[in-house]
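The next block is target16.cif, given as mmCIF, C-alpha atoms.
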data_target
loop_
_atom_site.group_PDB
_atom_site.id
_atom_site.type_symbol
_atom_site.label_atom_id
_atom_site.label_comp_id
_atom_site.auth_asym_id
_atom_site.auth_seq_id
_atom_site.Cartn_x
_atom_site.Cartn_y
_atom_site.Cartn_z
ATOM 1 C CA MET M 185 16.756 -24.521 -16.096
ATOM 2 C CA ASN M 186 14.967 -21.440 -17.349
ATOM 3 C CA ASP M 187 11.695 -21.912 -19.166
ATOM 4 C CA PRO M 188 12.207 -20.258 -22.618
ATOM 5 C CA THR M 189 8.448 -19.735 -22.950
ATOM 6 C CA ALA M 190 8.280 -17.903 -19.623
ATOM 7 C CA THR M 191 11.307 -15.789 -20.595
ATOM 8 C CA SER M 192 9.666 -14.821 -23.886
ATOM 9 C CA GLN M 193 6.446 -13.877 -22.090
ATOM 10 C CA GLU M 194 8.353 -11.764 -19.581
ATOM 11 C CA LYS M 195 10.102 -9.892 -22.388
ATOM 12 C CA ARG M 196 6.779 -9.164 -24.067
ATOM 13 C CA LEU M 197 5.247 -8.034 -20.777
ATOM 14 C CA PHE M 198 8.265 -5.830 -20.049
ATOM 15 C CA GLY M 199 7.922 -4.212 -23.487
ATOM 16 C CA LEU M 200 4.270 -3.412 -22.810
ATOM 17 C CA LEU M 201 5.091 -2.002 -19.382
ATOM 18 C CA VAL M 202 7.759 0.268 -20.896
ATOM 19 C CA GLY M 203 4.971 1.945 -22.883
ATOM 20 C CA VAL M 204 2.875 2.369 -19.739
ATOM 21 C CA TYR M 205 5.635 3.902 -17.630
ATOM 22 C CA LEU M 206 6.908 6.090 -20.466
ATOM 23 C CA GLY M 207 3.401 7.319 -21.345
ATOM 24 C CA GLY M 208 2.431 7.926 -17.720
ATOM 25 C CA GLY M 209 5.548 10.019 -17.141
ATOM 26 C CA ALA M 210 5.058 11.986 -20.358
ATOM 27 C CA ILE M 211 1.440 12.924 -19.625
ATOM 28 C CA THR M 212 2.367 14.010 -16.085
ATOM 29 C CA GLY M 213 5.194 16.216 -17.351
ATOM 30 C CA THR M 214 2.874 17.711 -19.968
ATOM 31 C CA VAL M 215 0.043 18.501 -17.519
ATOM 32 C CA ASN M 216 2.433 20.579 -15.395
ATOM 33 C CA LEU M 217 2.765 23.025 -18.313
ATOM 34 C CA LEU M 218 -0.941 23.847 -18.248
ATOM 35 C CA VAL M 219 -0.762 26.180 -15.243
ATOM 36 C CA PRO M 220 1.226 28.924 -17.043
ATOM 37 C CA ARG M 221 -0.757 28.247 -20.245
ATOM 38 C CA PHE M 222 -4.096 28.969 -18.598
ATOM 39 C CA GLU M 223 -2.703 32.048 -16.871
ATOM 40 C CA LEU M 224 -1.493 33.375 -20.225
ATOM 41 C CA THR M 225 -4.599 32.649 -22.311
ATOM 42 C CA MET M 226 -7.562 32.467 -19.922
ATOM 43 C CA HIS M 227 -6.440 35.414 -17.786
ATOM 44 C CA LEU M 228 -6.741 33.411 -14.589
ATOM 45 C CA ASP M 229 -5.083 34.443 -11.371
ATOM 46 C CA HIS M 230 -2.450 32.214 -9.800
ATOM 47 C CA ALA M 231 -4.827 30.406 -7.438
ATOM 48 C CA GLN M 232 -7.321 29.638 -10.205
ATOM 49 C CA ALA M 233 -4.629 28.300 -12.529
ATOM 50 C CA LEU M 234 -3.236 26.071 -9.789
ATOM 51 C CA LEU M 235 -6.568 24.249 -9.681
ATOM 52 C CA VAL M 236 -4.953 22.205 -12.477
ATOM 53 C CA HIS M 237 -2.766 20.675 -9.795
ATOM 54 C CA LEU M 238 -5.698 20.018 -7.499
ATOM 55 C CA ALA M 239 -7.717 18.380 -10.282
ATOM 56 C CA PHE M 240 -4.902 16.165 -11.520
ATOM 57 C CA TYR M 241 -3.299 15.043 -8.274
ATOM 58 C CA SER M 242 -6.398 14.711 -6.089
ATOM 59 C CA SER M 243 -7.243 11.506 -7.963
ATOM 60 C CA TYR M 244 -4.751 9.553 -5.867
ATOM 61 C CA LEU M 245 -6.459 10.677 -2.670
ATOM 62 C CA LEU M 246 -9.986 10.127 -3.985
ATOM 63 C CA PHE M 247 -9.613 6.918 -5.967
ATOM 64 C CA ALA M 248 -6.571 4.973 -4.724
ATOM 65 C CA LEU M 249 -8.538 2.604 -2.485
ATOM 66 C CA PRO M 250 -11.446 1.987 -4.913
ATOM 67 C CA VAL M 251 -8.932 1.394 -7.715
ATOM 68 C CA THR M 252 -7.043 -1.082 -5.518
ATOM 69 C CA PHE M 253 -10.215 -3.104 -4.936
ATOM 70 C CA ALA M 254 -11.055 -2.932 -8.648
ATOM 71 C CA SER M 255 -7.566 -4.095 -9.605
ATOM 72 C CA VAL M 256 -7.823 -7.119 -7.340
ATOM 73 C CA ALA M 257 -11.213 -8.007 -8.807
ATOM 74 C CA LEU M 258 -10.322 -7.433 -12.469
ATOM 75 C CA GLY M 259 -6.759 -8.683 -12.498
ATOM 76 C CA TYR M 260 -3.801 -6.397 -12.951
ATOM 77 C CA MET M 261 -3.440 -6.663 -16.744
ATOM 78 C CA ARG M 262 -7.122 -5.910 -17.341
ATOM 79 C CA SER M 263 -6.918 -3.055 -14.820
ATOM 80 C CA ILE M 264 -4.046 -1.526 -16.787
ATOM 81 C CA ALA M 265 -6.158 -1.820 -19.960
ATOM 82 C CA VAL M 266 -9.064 -0.106 -18.171
ATOM 83 C CA GLY M 267 -6.748 2.647 -16.897
ATOM 84 C CA LEU M 268 -5.382 3.297 -20.387
ATOM 85 C CA ALA M 269 -8.914 3.467 -21.821
ATOM 86 C CA ILE M 270 -9.908 5.961 -19.102
ATOM 87 C CA MET M 271 -6.839 8.084 -19.892
ATOM 88 C CA ALA M 272 -7.713 8.048 -23.602
ATOM 89 C CA ALA M 273 -11.251 9.203 -22.753
ATOM 90 C CA GLY M 274 -9.870 11.945 -20.514
ATOM 91 C CA CYS M 275 -7.533 13.157 -23.287
ATOM 92 C CA ALA M 276 -10.472 13.312 -25.719
ATOM 93 C CA GLY M 277 -12.510 15.181 -23.112
ATOM 94 C CA PHE M 278 -9.659 17.646 -22.603
ATOM 95 C CA ALA M 279 -9.444 18.368 -26.342
ATOM 96 C CA LEU M 280 -13.214 18.942 -26.515
ATOM 97 C CA ALA M 281 -13.304 21.170 -23.426
ATOM 98 C CA HIS M 282 -10.339 23.192 -24.659
ATOM 99 C CA ALA M 283 -12.032 23.757 -28.014
ATOM 100 C CA GLN M 284 -15.012 25.182 -26.107
ATOM 101 C CA GLY M 285 -12.779 27.299 -23.849
ATOM 102 C CA ARG M 286 -14.488 26.056 -20.682
ATOM 103 C CA TYR M 287 -12.286 25.779 -17.607
ATOM 104 C CA ALA M 288 -14.412 23.557 -15.343
ATOM 105 C CA PRO M 289 -14.738 20.767 -17.976
ATOM 106 C CA LEU M 290 -10.973 21.041 -18.531
ATOM 107 C CA LEU M 291 -10.396 20.337 -14.849
ATOM 108 C CA LEU M 292 -12.854 17.432 -14.967
ATOM 109 C CA ALA M 293 -11.013 15.959 -17.959
ATOM 110 C CA LEU M 294 -7.710 16.193 -16.055
ATOM 111 C CA LEU M 295 -9.310 14.383 -13.115
ATOM 112 C CA VAL M 296 -10.403 11.607 -15.495
ATOM 113 C CA ILE M 297 -6.877 11.315 -16.918
ATOM 114 C CA SER M 298 -5.405 11.074 -13.433
ATOM 115 C CA LEU M 299 -7.962 8.390 -12.517
ATOM 116 C CA GLY M 300 -6.511 6.339 -15.354
ATOM 117 C CA VAL M 301 -2.979 7.075 -14.144
ATOM 118 C CA THR M 302 -3.997 5.787 -10.702
ATOM 119 C CA PHE M 303 -4.986 2.470 -12.305
ATOM 120 C CA LEU M 304 -1.613 2.333 -14.054
ATOM 121 C CA GLN M 305 0.406 3.080 -10.936
ATOM 122 C CA ILE M 306 -1.335 0.536 -8.738
ATOM 123 C CA SER M 307 -1.662 -2.274 -11.277
ATOM 124 C CA GLY M 308 1.588 -1.531 -13.107
ATOM 125 C CA ASN M 309 3.635 -1.747 -9.924
ATOM 126 C CA ALA M 310 1.841 -4.918 -8.837
ATOM 127 C CA VAL M 311 2.263 -6.746 -12.155
ATOM 128 C CA THR M 312 6.067 -6.381 -11.962
ATOM 129 C CA THR M 313 6.000 -9.144 -9.320
ATOM 130 C CA VAL M 314 5.722 -11.541 -12.268
ATOM 131 C CA PHE M 315 9.446 -10.977 -12.809
ATOM 132 C CA LYS M 316 10.153 -12.695 -9.476
ATOM 133 C CA ARG M 317 10.058 -16.000 -11.319
ATOM 134 C CA SER M 318 13.299 -15.245 -13.143
ATOM 135 C CA GLY M 319 14.861 -13.277 -10.286
ATOM 136 C CA ALA M 320 14.845 -10.091 -12.382
ATOM 137 C CA MET M 321 12.231 -8.099 -10.485
ATOM 138 C CA ALA M 322 14.560 -5.494 -8.929
ATOM 139 C CA SER M 323 16.445 -4.734 -12.150
ATOM 140 C CA ARG M 324 13.305 -4.666 -14.306
ATOM 141 C CA TYR M 325 11.449 -2.447 -11.836
ATOM 142 C CA THR M 326 14.376 0.003 -11.689
ATOM 143 C CA LEU M 327 14.484 0.123 -15.490
ATOM 144 C CA LEU M 328 10.737 0.739 -15.694
ATOM 145 C CA GLN M 329 10.995 3.610 -13.211
ATOM 146 C CA GLY M 330 13.816 4.951 -15.368
ATOM 147 C CA PHE M 331 11.499 4.928 -18.402
ATOM 148 C CA ASN M 332 8.925 6.804 -16.313
ATOM 149 C CA SER M 333 11.553 9.470 -15.692
ATOM 150 C CA VAL M 334 12.407 9.542 -19.406
ATOM 151 C CA GLY M 335 8.714 10.260 -20.023
ATOM 152 C CA THR M 336 8.729 13.199 -17.611
ATOM 153 C CA VAL M 337 11.755 14.588 -19.479
ATOM 154 C CA LEU M 338 10.175 14.149 -22.924
ATOM 155 C CA GLY M 339 6.760 15.531 -21.872
ATOM 156 C CA PRO M 340 7.868 19.174 -21.436
ATOM 157 C CA LEU M 341 10.245 18.992 -24.423
ATOM 158 C CA VAL M 342 7.522 17.813 -26.796
ATOM 159 C CA GLY M 343 4.593 19.579 -25.148
ATOM 160 C CA ALA M 344 6.006 23.062 -24.544
ATOM 161 C CA PRO M 345 5.940 24.215 -28.215
ATOM 162 C CA PHE M 346 2.272 23.210 -28.439
ATOM 163 C CA ILE M 347 1.017 24.256 -25.013
ATOM 164 C CA LEU M 348 3.011 27.393 -24.236
ATOM 165 C CA ALA M 349 3.120 28.995 -27.712
ATOM 166 C CA VAL M 350 0.396 31.612 -27.293
ATOM 167 C CA HIS M 351 0.428 32.519 -30.981
ATOM 168 C CA GLY M 352 -0.301 29.550 -33.204
ATOM 169 C CA GLY M 353 -3.977 28.738 -32.858
ATOM 170 C CA ALA M 354 -6.251 27.630 -30.058
ATOM 171 C CA VAL M 355 -6.100 24.004 -31.188
ATOM 172 C CA ARG M 356 -2.376 23.529 -30.607
ATOM 173 C CA PRO M 357 -2.475 22.861 -26.824
ATOM 174 C CA ALA M 358 -4.844 19.942 -27.446
ATOM 175 C CA VAL M 359 -2.499 18.246 -29.945
ATOM 176 C CA PRO M 360 -0.292 16.468 -27.342
ATOM 177 C CA PHE M 361 -3.412 15.183 -25.570
ATOM 178 C CA ILE M 362 -5.025 13.935 -28.794
ATOM 179 C CA ALA M 363 -1.804 12.123 -29.738
ATOM 180 C CA ALA M 364 -1.413 10.700 -26.232
ATOM 181 C CA GLY M 365 -5.042 9.516 -26.209
ATOM 182 C CA ALA M 366 -4.491 7.572 -29.447
ATOM 183 C CA VAL M 367 -1.370 5.925 -28.025
ATOM 184 C CA PHE M 368 -3.163 5.018 -24.779
ATOM 185 C CA LEU M 369 -6.014 3.457 -26.727
ATOM 186 C CA VAL M 370 -3.636 1.240 -28.734
ATOM 187 C CA LEU M 371 -1.704 0.270 -25.596
ATOM 188 C CA GLY M 372 -4.949 -0.563 -23.784
ATOM 189 C CA GLY M 373 -5.948 -2.918 -26.595
ATOM 190 C CA LEU M 374 -2.559 -4.654 -26.413
ATOM 191 C CA PHE M 375 -2.865 -5.177 -22.655
ATOM 192 C CA ALA M 376 -6.397 -6.541 -23.020
ATOM 193 C CA ARG M 377 -5.207 -9.001 -25.693
ATOM 194 C CA ASN M 378 -2.213 -10.099 -23.599
ATOM 195 C CA ALA M 379 -3.941 -10.437 -20.231
ATOM 196 C CA ALA M 380 -2.625 -14.005 -19.869
ATOM 197 C CA LEU M 381 0.975 -12.753 -19.680
ATOM 198 C CA ALA M 382 0.460 -11.982 -15.995
ATOM 199 C CA PRO M 383 -1.846 -14.582 -14.455
ATOM 200 C CA PRO M 384 -3.059 -13.950 -10.888
ATOM 201 C CA LEU M 385 -0.271 -14.775 -8.464
ATOM 202 C CA PRO M 386 -0.858 -17.189 -5.560
ATOM 203 C CA ARG M 387 -1.911 -15.274 -2.485
ATOM 204 C CA ALA M 388 -0.773 -16.272 0.969
ATOM 205 C CA PRO M 389 -3.368 -15.928 3.768
ATOM 206 C CA SER M 390 -1.399 -13.024 5.259
ATOM 207 C CA ASP M 391 -1.042 -10.819 2.171
ATOM 208 C CA GLY M 392 -4.366 -9.107 2.773
ATOM 209 C CA LEU M 393 -5.604 -9.263 -0.836
ATOM 210 C CA GLU M 394 -8.269 -11.926 -0.407
ATOM 211 C CA THR M 395 -11.778 -11.103 -1.460
ATOM 212 C CA GLY M 396 -13.056 -14.333 0.051
ATOM 213 C CA GLY M 397 -11.376 -16.237 2.869
ATOM 214 C CA GLY M 398 -8.418 -15.003 4.911
ATOM 215 C CA LYS M 399 -7.871 -11.399 5.911
ATOM 216 C CA PRO M 400 -9.836 -9.009 3.675
ATOM 217 C CA LEU M 401 -8.040 -6.119 2.035
ATOM 218 C CA TRP M 402 -9.819 -3.410 4.020
ATOM 219 C CA ARG M 403 -8.816 -5.002 7.340
ATOM 220 C CA ARG M 404 -5.202 -5.295 6.216
ATOM 221 C CA LEU M 405 -5.175 -1.615 5.187
ATOM 222 C CA ALA M 406 -6.682 -0.594 8.517
ATOM 223 C CA ARG M 407 -3.912 -2.484 10.301
ATOM 224 C CA LEU M 408 -1.247 -0.754 8.196
ATOM 225 C CA ALA M 409 -2.735 2.613 9.167
ATOM 226 C CA THR M 410 -1.741 1.930 12.797
ATOM 227 C CA ASN M 411 1.853 1.048 11.876
ATOM 228 C CA ARG M 412 4.080 3.970 12.908
ATOM 229 C CA SER M 413 6.778 3.245 10.319
ATOM 230 C CA MET M 414 4.179 2.986 7.565
ATOM 231 C CA MET M 415 2.561 6.275 8.542
ATOM 232 C CA ALA M 416 5.932 8.030 8.812
ATOM 233 C CA GLY M 417 6.837 6.758 5.340
ATOM 234 C CA THR M 418 3.465 7.892 4.014
ATOM 235 C CA LEU M 419 3.987 11.403 5.396
ATOM 236 C CA THR M 420 7.475 11.509 3.894
ATOM 237 C CA ILE M 421 6.226 10.536 0.432
ATOM 238 C CA PHE M 422 3.390 13.062 0.781
ATOM 239 C CA CYS M 423 5.895 15.863 1.365
ATOM 240 C CA TYR M 424 8.315 14.638 -1.313
ATOM 241 C CA VAL M 425 5.743 14.267 -4.099
ATOM 242 C CA GLY M 426 4.127 17.578 -3.198
ATOM 243 C CA ALA M 427 7.475 19.347 -3.476
ATOM 244 C CA GLU M 428 8.439 17.529 -6.686
ATOM 245 C CA VAL M 429 5.340 18.357 -8.714
ATOM 246 C CA THR M 430 5.011 21.898 -7.331
ATOM 247 C CA LEU M 431 8.570 22.763 -8.349
ATOM 248 C CA ALA M 432 7.953 21.424 -11.858
ATOM 249 C CA THR M 433 4.770 23.480 -12.208
ATOM 250 C CA LEU M 434 6.053 26.787 -10.817
ATOM 251 C CA ALA M 435 9.454 26.561 -12.526
ATOM 252 C CA VAL M 436 8.067 27.829 -15.853
ATOM 253 C CA GLU M 437 6.778 31.087 -14.412
ATOM 254 C CA TYR M 438 9.854 31.495 -12.230
ATOM 255 C CA LEU M 439 12.206 31.204 -15.222
ATOM 256 C CA MET M 440 10.100 33.724 -17.150
ATOM 257 C CA ARG M 441 10.540 36.426 -14.483
ATOM 258 C CA ALA M 442 12.697 39.405 -15.439
ATOM 259 C CA ASP M 443 14.713 39.042 -12.208
ATOM 260 C CA THR M 444 15.658 35.404 -12.998
ATOM 261 C CA LEU M 445 16.382 34.284 -16.573
ATOM 262 C CA GLY M 446 13.642 36.249 -18.359
ATOM 263 C CA LEU M 447 12.941 33.365 -20.746
ATOM 264 C CA GLY M 448 10.025 33.077 -23.146
ATOM 265 C CA ALA M 449 7.254 30.643 -22.221
ATOM 266 C CA VAL M 450 8.348 27.857 -24.602
ATOM 267 C CA SER M 451 12.024 28.128 -23.618
ATOM 268 C CA ALA M 452 11.105 28.042 -19.927
ATOM 269 C CA GLY M 453 8.912 24.980 -20.503
ATOM 270 C CA ASN M 454 11.772 23.218 -22.260
ATOM 271 C CA MET M 455 14.114 24.062 -19.365
ATOM 272 C CA VAL M 456 11.833 22.140 -16.989
ATOM 273 C CA SER M 457 13.075 19.002 -18.732
ATOM 274 C CA LEU M 458 16.451 19.594 -17.054
ATOM 275 C CA TYR M 459 14.735 19.347 -13.675
ATOM 276 C CA TRP M 460 13.139 16.014 -14.582
ATOM 277 C CA ALA M 461 16.418 14.812 -16.098
ATOM 278 C CA ALA M 462 18.178 15.499 -12.787
ATOM 279 C CA ALA M 463 15.464 13.501 -11.019
ATOM 280 C CA MET M 464 16.071 10.648 -13.478
ATOM 281 C CA VAL M 465 19.823 10.669 -12.799
ATOM 282 C CA GLY M 466 19.149 10.800 -9.067
ATOM 283 C CA ARG M 467 16.903 7.757 -9.323
ATOM 284 C CA PHE M 468 19.619 5.663 -10.934
ATOM 285 C CA LEU M 469 22.339 6.955 -8.585
ATOM 286 C CA GLY M 470 20.080 6.276 -5.614
ATOM 287 C CA ALA M 471 19.563 2.681 -6.691
ATOM 288 C CA GLY M 472 23.315 2.156 -6.374
ATOM 289 C CA ALA M 473 23.821 4.331 -3.298
ATOM 290 C CA VAL M 474 21.219 2.486 -1.247
ATOM 291 C CA ARG M 475 23.323 -0.668 -1.486
ATOM 292 C CA ALA M 476 26.411 1.114 -0.218
ATOM 293 C CA LEU M 477 24.873 3.329 2.467
ATOM 294 C CA GLY M 478 21.706 1.512 3.501
ATOM 295 C CA THR M 479 18.139 2.776 3.278
ATOM 296 C CA ALA M 480 17.923 4.757 6.528
ATOM 297 C CA ARG M 481 21.269 6.525 6.110
ATOM 298 C CA LEU M 482 20.598 7.444 2.482
ATOM 299 C CA LEU M 483 17.136 8.799 3.321
ATOM 300 C CA GLY M 484 18.597 10.858 6.130
ATOM 301 C CA LEU M 485 21.278 12.351 3.887
ATOM 302 C CA ALA M 486 18.697 13.076 1.169
ATOM 303 C CA ALA M 487 16.431 14.824 3.675
ATOM 304 C CA LEU M 488 19.317 16.963 4.966
ATOM 305 C CA GLY M 489 20.283 17.845 1.401
ATOM 306 C CA ALA M 490 16.695 18.824 0.570
ATOM 307 C CA MET M 491 16.465 21.095 3.617
#
Entire entry expressed as structure tokens:
Amino acid sequence: MNDPTATSQEKRLFGLLVGVYLGGGAITGTVNLLVPRFELTMHLDHAQALLVHLAFYSSYLLFALPVTFASVALGYMRSIAVGLAIMAAGCAGFALAHAQGRYAPLLLALLVISLGVTFLQISGNAVTTVFKRSGAMASRYTLLQGFNSVGTVLGPLVGAPFILAVHGGAVRPAVPFIAAGAVFLVLGGLFARNAALAPPLPRAPSDGLETGGGKPLWRRLARLATNRSMMAGTLTIFCYVGAEVTLATLAVEYLMRADTLGLGAVSAGNMVSLYWAAAMVGRFLGAGAVRALGTARLLGLAALGAM
């Protein structure tokens, strides 16, 4: 028999996670609009403007392992709360730096935001294992990833009129970040108050997460680094994510070119939502296709299609 209390707790946890995945996707989609914004208003060249990408996405390389250790020590729910608080601080820092018109502090603020996103990605994915109890982990995780994609669609739609409208005041580009920071702060408080919804799961001696006895996390990670399949998968994801976020960032300028569609900045930013919407549809179609074709065959077909 199902425990009604456990079911109620899972529903509440799922509702909180929807906010995390939706917000994380939205802030990522919004940040991609900053490259053309800074080129338009700060008179930066292309390489300087693309430092936005380096600042935002280098967090995963710099902080993924420290954040993993911190998440194990703090517990996943508290780590999500910490990540949301860090993102709120980064959004406030972005608004302040933008008001001062200083580019280096803007990049630092984006790095802080992405540090918080790193907490969310690591701890948010891990906490979904709670849904194993009711056998709903696969469906819930797919739905959560879908909400992440919805966020990436909404980010450019909502953010473009504020970020890419050159005429309308210097404060406007900071508005989406101020609003997002307030939402992250509220969400962080909710996760801190509901930390008991996802108690630490029992750890088998072979799972590599022990901080005491058994195999320590660092040794387990070192062993994974020598696994050829793991490294091949890592390289594949590296190439895929690099292509995904670069296309989203450069699409705005590409669509503004006279030899393409010749769109205005705001219209081009809104069009990027179609790109993220296609990615969202592909995610849901892929979830069904993998059952019919198998993982290896589907990945092979996707790679051929991409080339």
Measure the distance from CA of Ala344 in chain M to CA of Gly453 in chain M in Å and round it to one decimal.
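Straight-line distance from CA of Ala344 in chain M to CA of Gly453 in chain M works out to 5.3 Å.
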Residues near range 259-275 of chain M, anyone? I mean within 9 Å using only C-alpha atoms, not counting same-chain ones fewer than 3 positions away, as number ranges by chain.
M: 204, 251, 254-256, 278-280, 292-308, 310-311, 358, 360-376, 378-384
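The space separating CA of Phe198 in chain M from CA of Ala471 in chain M comes to 19.5 Å.
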For Phe468 in chain M, list every protein, DNA or RNA residue within 9 Å, evaluated using all atoms listed in the file, and leave out those in the same chain fewer than 6 positions away; present the list as a VMD selection string.
chain M and resid 326 to 327 330
Go ahead and fit an axis-aligned box to every listed atom of range 419-427 of chain M plus 6 Å each side, and pass me the centre and edge lengths in Å, one decimal, as JSON.
{"center_x": 5.9, "center_y": 14.9, "center_z": 0.6, "size_x": 16.9, "size_y": 20.8, "size_z": 21.5}
Would you mind reading off the distance between CA of Phe222 in chain M and CA of Leu290 in chain M, one decimal, in Å?
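Taking CA of Phe222 in chain M as the start and CA of Leu290 in chain M as the end point, the length is 10.5 Å.
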Show me the residues close to (11.1, 19.9, -20.5) - anything with an atom within 10 Å, counting all atoms listed in the file - and format the list as a PyMOL selection string.
chain M and resi 210+213-214+217+335-344+432+436+450-461
Missing atoms in range 372-379 of chain M need filling: write out all heavy atoms for it as a compact mmCIF listing (two decimals), in the frame of the given file.
# COMPACT_ATOMS: atom_id res chain seq x y z
N GLY M 372 -3.89 0.11 -24.52
CA GLY M 372 -4.95 -0.56 -23.78
C GLY M 372 -5.41 -1.82 -24.50
O GLY M 372 -5.64 -2.86 -23.87
N GLY M 373 -5.57 -1.74 -25.83
CA GLY M 373 -5.95 -2.92 -26.60
C GLY M 373 -4.91 -4.02 -26.50
O GLY M 373 -5.25 -5.21 -26.39
N LEU M 374 -3.63 -3.65 -26.51
CA LEU M 374 -2.56 -4.65 -26.41
C LEU M 374 -2.57 -5.34 -25.05
O LEU M 374 -2.37 -6.55 -24.95
CB LEU M 374 -1.21 -3.99 -26.65
CG LEU M 374 -0.94 -3.52 -28.09
CD1 LEU M 374 0.37 -2.73 -28.16
CD2 LEU M 374 -0.88 -4.73 -29.03
N PHE M 375 -2.81 -4.57 -23.99
CA PHE M 375 -2.86 -5.18 -22.66
C PHE M 375 -4.07 -6.09 -22.53
O PHE M 375 -3.99 -7.16 -21.91
CB PHE M 375 -2.90 -4.09 -21.58
CG PHE M 375 -1.53 -3.69 -21.10
CD1 PHE M 375 -0.86 -2.64 -21.67
CD2 PHE M 375 -0.92 -4.39 -20.07
CE1 PHE M 375 0.40 -2.27 -21.25
CE2 PHE M 375 0.35 -4.03 -19.63
CZ PHE M 375 1.01 -2.97 -20.23
N ALA M 376 -5.21 -5.69 -23.08
CA ALA M 376 -6.40 -6.54 -23.02
C ALA M 376 -6.16 -7.85 -23.77
O ALA M 376 -6.59 -8.93 -23.32
CB ALA M 376 -7.60 -5.80 -23.61
N ARG M 377 -5.47 -7.79 -24.90
CA ARG M 377 -5.21 -9.00 -25.69
C ARG M 377 -4.17 -9.90 -25.03
O ARG M 377 -4.15 -11.11 -25.27
CB ARG M 377 -4.70 -8.61 -27.08
CG ARG M 377 -5.77 -8.05 -27.99
CD ARG M 377 -5.22 -7.76 -29.37
NE ARG M 377 -4.66 -8.97 -29.99
CZ ARG M 377 -4.03 -8.97 -31.16
NH1 ARG M 377 -3.86 -7.83 -31.82
NH2 ARG M 377 -3.58 -10.09 -31.67
N ASN M 378 -3.30 -9.33 -24.21
CA ASN M 378 -2.21 -10.10 -23.60
C ASN M 378 -2.40 -10.27 -22.10
O ASN M 378 -1.43 -10.37 -21.35
CB ASN M 378 -0.87 -9.41 -23.87
CG ASN M 378 -0.45 -9.48 -25.32
OD1 ASN M 378 0.11 -10.47 -25.77
ND2 ASN M 378 -0.74 -8.42 -26.07
N ALA M 379 -3.66 -10.34 -21.67
CA ALA M 379 -3.94 -10.44 -20.23
C ALA M 379 -3.33 -11.69 -19.61
O ALA M 379 -2.98 -11.70 -18.43
CB ALA M 379 -5.45 -10.43 -19.99
